[in-house]
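Chemist: Before I ask anything, let me first share the structure, which is written out below as structure tokens.
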2 protein chains.
Amino acid sequence: MMAVASPPHEPTSRDRLIDAGRELFWRRGFHDVGLNQILKTAEVPKGSFYHHFDSKEAFGQRVVEDFADESLAVLDAALAGDGPPLEKLRGFFEGQREFYEANGCCNGCLVGNVGQELAETSDVLRRTVELHFARVRARLAGCLGEAARRGDLADGVDIELFADVLFSAWHGALLRMKVEKSLKPIDAFLDFHLPRPS
Amino acid sequence: MMAVASPPHEPTSRDRLIDAGRELFWRRGFHDVGLNQILKTAEVPKGSFYHHFDSKEAFGQRVVEDFADESLAVLDAALAGDGPPLEKLRGFFEGQREFYEANGCCNGCLVGNVGQELAETSDVLRRTVELHFARVRARLAGCLGEAARRGDLADGVDIELFADVLFSAWHGALLRMKVEKSLKPIDAFLDFHLPRPS
DNA sequence: AAAAGGGTAGACCGACGGGTCTACTCCACG
DNA sequence: CGTGGAGTAGACCCGTCGGTCTACCCTTTT
């Protein structure tokens, strides 16, 4: 039977598995977390896990997709409305900054982490991450294009190139944040690429 | 007895272990590679491994340090001499680009990978990576400062900030390279941050 | 009432994880 | 000569790994 929307129910075991996976994979990575750990966290027996997912890898894919969709929605929400696009963009990254600050500058982005850890060993995961990356990059380029059309960007700036670099720089800053346990790389990113109008 | 330099000898088992670790960790990450795999690759028995290293973690640290020292030497060599600093810098990154191109756009940088995978679970490894990052960043800033002194950089550019962003952007580009299996992010980095004089 | 099937429950599997331990070889030093 | 330490060799330990399998609800359908 289809699970029709009947909101205030306790989450299904499938949901609890995804949540546990998200949390654990985010904090410790894919290979460092065993099934039993996930099972224990979600309070779900192994039989249910393999009823809902074909393998740990397939499960990982679902976890990443789920997280990616959600964070894409956050980005879209930040870029919606008709404010100045560059300010909306900066607002989004500042929101991220705050999130990481509240979390002690650790862990970084689940999608990026999984991409880094599994790109060479799981083509399924690699493609999943690749797809999400492309979507985010497209949003960035769209926003930048909007800014260019309004004349908020210096003439001659290559939108696509800028979007590429912005996105790379962001992920690099996240890596350095977790290694250096500091917001400095994030702030440098913000100051350099999206300086406050001042 | 100290191993005095007597060059053309077959490598010691310790050396073979480090080499195997470097290769395997680079290709597949730390957690995805078991001791037995390393042992088999290096053709060294377990007893020797634990004679030379206290644990897999300590071994990982040595592997990273070894690799980090070597790549720092490559960077120093590229920045040595008295050519225009910005060109030397671009030359270095172009050299890296070529290396990755020859390797099929995969794996990325061992130090960055280990940093990402282990920063939250091993403080030893985290600090090792952090130290290397700081060293590279310092080289970058030094080179940029030289460029500024020569007037090769636009006035008002913050050297430290630029070095920060450059370094982050590079690691982000490496991540995207391996996920997207493409040199495009690397080229975007080069074009944006270190454009050819043209 | 019976059958069917989604989902729960967990015992069980062989393989492999990191790590320990003992035995042995080899060579420098006294 | 013989002893001690560096290094080699690999059997062995137990815990955990991802995954399978059977049994058993419980609800829906007929």
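Going by the structure tokens order, chains are called A, B, ..., each with residues numbered from 1, while ligands are numbered from 1 in the order shown.
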Given a cut-off of 7 Å, which residues of chain A touch chain B, counting only C-alpha atoms, written out as a VMD selection string?
Modeler: chain A and resid 28 to 29 31 to 32 107 113 115 to 117 119 to 121 126 130 161 164 to 165 168 to 173 175 to 176 178 to 180 185 188 to 189
Chemist: With only C-alpha atoms (C1' of nucleotides) counted and 12 Å as the cut-off, give the residues of chain A in contact with chain D, each with its shortest interatomic distance in Å and the pair that gives it, as a Markdown table.
Modeler:
```
| residue | atom | partner | partner_atom | distance |
| --- | --- | --- | --- | --- |
| A:Met1 | CA | D:DT28 | C1' | 8.9 |
| A:His31 | CA | D:DC17 | C1' | 10.3 |
| A:Asp32 | CA | D:DC17 | C1' | 10.8 |
| A:Val33 | CA | D:DC17 | C1' | 10.1 |
| A:Gly34 | CA | D:DC17 | C1' | 7.1 |
| A:Leu35 | CA | D:DG18 | C1' | 7.4 |
| A:Asn36 | CA | D:DT16 | C1' | 8.9 |
| A:Gln37 | CA | D:DT16 | C1' | 10.6 |
| A:Lys46 | CA | D:DG19 | C1' | 9.7 |
| A:Gly47 | CA | D:DC21 | C1' | 9.6 |
| A:Phe49 | CA | D:DG19 | C1' | 10.9 |
| A:Tyr50 | CA | D:DG19 | C1' | 8.6 |
| A:His51 | CA | D:DT20 | C1' | 11.7 |
| A:Phe53 | CA | D:DG19 | C1' | 11.7 |
| A:Asp54 | CA | D:DG19 | C1' | 9.7 |
| A:Ser55 | CA | D:DG19 | C1' | 8.1 |
| A:Lys56 | CA | D:DG18 | C1' | 7.5 |
| A:Glu57 | CA | D:DG18 | C1' | 10.2 |
```
Chemist: Check every residue of chain C for an atom within 9 Å of chain B, counting only C-alpha atoms (C1' of nucleotides), and provide those that qualify as a ChimeraX atom specification.
Modeler: /C:16-19,28
Chemist: Any chance you could export the current selection's C-alpha atoms (C1' of nucleotides) as an mmCIF file, in the first residue's frame?
Modeler:
```cif
data_model
loop_
_atom_site.group_PDB
_atom_site.id
_atom_site.type_symbol
_atom_site.label_atom_id
_atom_site.label_comp_id
_atom_site.auth_asym_id
_atom_site.auth_seq_id
_atom_site.Cartn_x
_atom_site.Cartn_y
_atom_site.Cartn_z
ATOM 1 C "C1'" DC C 16 38.484 -9.904 6.725
ATOM 2 C "C1'" DG C 17 39.628 -6.106 10.056
ATOM 3 C "C1'" DG C 18 43.650 -4.435 13.116
ATOM 4 C "C1'" DG C 19 46.640 -6.227 16.366
ATOM 5 C "C1'" DA C 28 77.363 -6.343 15.173
#
```
Chemist: Please extract the residues of segment 6-192 of chain B with a backbone DSSP assignment of alpha helix (DSSP H) and present them as an NGL selection string.
Modeler: :B and (13-28 or 35-42 or 46-52 or 56-79 or 85-102 or 110-118 or 123-149 or 159-180 or 184-192)
Chemist: Write the residues of the selection above to a file with C-alpha atoms, as a CSV table (one decimal), in the first residue's frame.
Modeler:
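Everything below was put into again_25.csv:
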```csv
chain,number,residue,atom,x,y,z
B,13,SER,CA,60.9,-3.3,3.7
B,14,ARG,CA,60.0,-0.1,5.5
B,15,ASP,CA,60.4,1.8,2.3
B,16,ARG,CA,58.3,-0.7,0.4
B,17,LEU,CA,55.6,-0.4,3.0
B,18,ILE,CA,55.6,3.4,2.8
B,19,ASP,CA,55.4,3.2,-1.0
B,20,ALA,CA,52.6,0.7,-1.0
B,21,GLY,CA,50.7,2.8,1.6
B,22,ARG,CA,51.1,5.9,-0.5
B,23,GLU,CA,49.8,4.2,-3.6
B,24,LEU,CA,46.9,2.4,-2.0
B,25,PHE,CA,45.8,5.2,0.3
B,26,TRP,CA,46.0,7.6,-2.6
B,27,ARG,CA,43.9,5.4,-4.9
B,28,ARG,CA,41.3,4.1,-2.4
B,35,LEU,CA,46.7,-4.1,6.4
B,36,ASN,CA,46.8,-7.3,4.5
B,37,GLN,CA,46.5,-5.5,1.3
B,38,ILE,CA,49.4,-3.2,2.1
B,39,LEU,CA,51.5,-6.2,3.3
B,40,LYS,CA,50.8,-8.1,0.1
B,41,THR,CA,51.6,-5.2,-2.1
B,42,ALA,CA,54.8,-4.4,-0.3
B,46,LYS,CA,53.0,-8.5,9.4
B,47,GLY,CA,55.7,-8.9,11.9
B,48,SER,CA,57.8,-6.4,10.1
B,49,PHE,CA,55.0,-3.9,9.8
B,50,TYR,CA,54.4,-3.8,13.5
B,51,HIS,CA,58.1,-3.7,14.1
B,52,HIS,CA,58.4,-0.5,12.1
B,56,LYS,CA,47.9,1.6,11.1
B,57,GLU,CA,47.2,5.2,12.1
B,58,ALA,CA,50.9,5.9,12.9
B,59,PHE,CA,51.8,4.3,9.6
B,60,GLY,CA,49.3,6.5,7.8
B,61,GLN,CA,50.9,9.5,9.4
B,62,ARG,CA,54.3,8.5,8.1
B,63,VAL,CA,52.9,7.9,4.7
B,64,VAL,CA,51.3,11.4,4.6
B,65,GLU,CA,54.4,13.1,6.0
B,66,ASP,CA,56.6,11.4,3.4
B,67,PHE,CA,54.3,12.4,0.6
B,68,ALA,CA,53.8,15.9,1.9
B,69,ASP,CA,57.5,16.5,2.2
B,70,GLU,CA,58.0,15.3,-1.3
B,71,SER,CA,55.3,17.5,-2.8
B,72,LEU,CA,56.5,20.5,-0.9
B,73,ALA,CA,59.9,20.0,-2.5
B,74,VAL,CA,58.2,20.0,-5.9
B,75,LEU,CA,56.5,23.2,-5.1
B,76,ASP,CA,59.7,24.8,-3.8
B,77,ALA,CA,61.5,23.7,-7.0
B,78,ALA,CA,58.9,25.3,-9.1
B,79,LEU,CA,59.0,28.6,-7.3
B,85,PRO,CA,56.6,34.8,-9.7
B,86,LEU,CA,53.2,34.6,-11.1
B,87,GLU,CA,54.5,32.6,-14.1
B,88,LYS,CA,56.4,30.2,-11.8
B,89,LEU,CA,53.2,29.7,-9.8
B,90,ARG,CA,51.2,29.1,-12.9
B,91,GLY,CA,53.9,26.7,-14.1
B,92,PHE,CA,53.6,24.7,-10.9
B,93,PHE,CA,49.8,24.3,-11.2
B,94,GLU,CA,50.2,23.5,-14.9
B,95,GLY,CA,52.6,20.7,-13.9
B,96,GLN,CA,50.0,19.4,-11.5
B,97,ARG,CA,47.4,19.5,-14.2
B,98,GLU,CA,49.6,17.5,-16.4
B,99,PHE,CA,50.1,14.9,-13.7
B,100,TYR,CA,46.4,14.5,-13.2
B,101,GLU,CA,45.7,14.4,-16.9
B,102,ALA,CA,48.2,11.6,-17.3
B,110,LEU,CA,46.7,12.3,-1.0
B,111,VAL,CA,47.1,14.9,1.8
B,112,GLY,CA,43.8,16.5,1.0
B,113,ASN,CA,42.0,13.2,0.8
B,114,VAL,CA,43.4,11.9,4.1
B,115,GLY,CA,42.5,15.3,5.7
B,116,GLN,CA,38.9,14.9,4.5
B,117,GLU,CA,38.6,11.3,5.5
B,118,LEU,CA,40.2,11.4,8.9
B,123,ASP,CA,43.7,14.2,15.6
B,124,VAL,CA,47.2,12.9,14.7
B,125,LEU,CA,46.4,12.8,11.0
B,126,ARG,CA,44.4,16.0,11.2
B,127,ARG,CA,47.4,17.9,12.6
B,128,THR,CA,49.7,16.3,10.1
B,129,VAL,CA,47.6,17.6,7.2
B,130,GLU,CA,47.1,20.9,8.9
B,131,LEU,CA,50.8,21.4,9.1
B,132,HIS,CA,51.3,20.6,5.5
B,133,PHE,CA,48.5,22.9,4.5
B,134,ALA,CA,50.1,25.8,6.4
B,135,ARG,CA,53.4,25.2,4.8
B,136,VAL,CA,51.9,25.2,1.3
B,137,ARG,CA,49.8,28.3,2.0
B,138,ALA,CA,53.0,30.1,3.3
B,139,ARG,CA,54.8,29.3,0.0
B,140,LEU,CA,51.9,30.6,-1.9
B,141,ALA,CA,51.7,33.8,0.1
B,142,GLY,CA,55.5,34.2,-0.3
B,143,CYS,CA,55.3,33.9,-4.0
B,144,LEU,CA,52.3,36.3,-4.2
B,145,GLY,CA,54.2,38.8,-2.0
B,146,GLU,CA,57.1,38.7,-4.4
B,147,ALA,CA,54.7,39.3,-7.3
B,148,ALA,CA,53.1,42.3,-5.4
B,149,ARG,CA,56.5,43.8,-4.8
B,159,ILE,CA,48.2,38.8,-0.3
B,160,GLU,CA,47.2,36.6,2.6
B,161,LEU,CA,43.6,36.5,1.5
B,162,PHE,CA,44.5,35.7,-2.0
B,163,ALA,CA,46.8,32.9,-0.9
B,164,ASP,CA,44.0,31.5,1.2
B,165,VAL,CA,41.5,31.5,-1.6
B,166,LEU,CA,44.0,30.2,-4.1
B,167,PHE,CA,44.8,27.2,-2.0
B,168,SER,CA,41.2,26.5,-1.1
B,169,ALA,CA,40.1,26.8,-4.7
B,170,TRP,CA,42.8,24.4,-5.8
B,171,HIS,CA,41.6,21.7,-3.4
B,172,GLY,CA,38.0,22.3,-4.4
B,173,ALA,CA,39.0,21.9,-8.0
B,174,LEU,CA,40.7,18.6,-7.3
B,175,LEU,CA,37.6,17.3,-5.6
B,176,ARG,CA,35.5,18.3,-8.5
B,177,MET,CA,38.0,16.8,-10.9
B,178,LYS,CA,37.8,13.4,-9.4
B,179,VAL,CA,34.0,13.5,-9.1
B,180,GLU,CA,33.4,14.8,-12.6
B,184,LYS,CA,37.5,21.4,-16.5
B,185,PRO,CA,37.6,22.5,-12.9
B,186,ILE,CA,41.4,22.6,-13.0
B,187,ASP,CA,41.3,24.7,-16.1
B,188,ALA,CA,38.7,27.0,-14.7
B,189,PHE,CA,41.0,27.5,-11.6
B,190,LEU,CA,43.9,28.3,-13.9
B,191,ASP,CA,42.0,30.7,-16.2
B,192,PHE,CA,40.4,32.5,-13.4
```
Chemist: Between atom CA of Asp152 of chain B and atom CA of Pro84 of chain B, what is the distance, to one decimal in Å?
Modeler: 8.4 Å
Chemist: So how far away is atom CA of Val44 of chain A from atom CA of Glu10 of chain A, in Å?
Modeler: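 For atom CA of Glu10 of chain A relative to atom CA of Val44 of chain A, the distance reads 13.6 Å.
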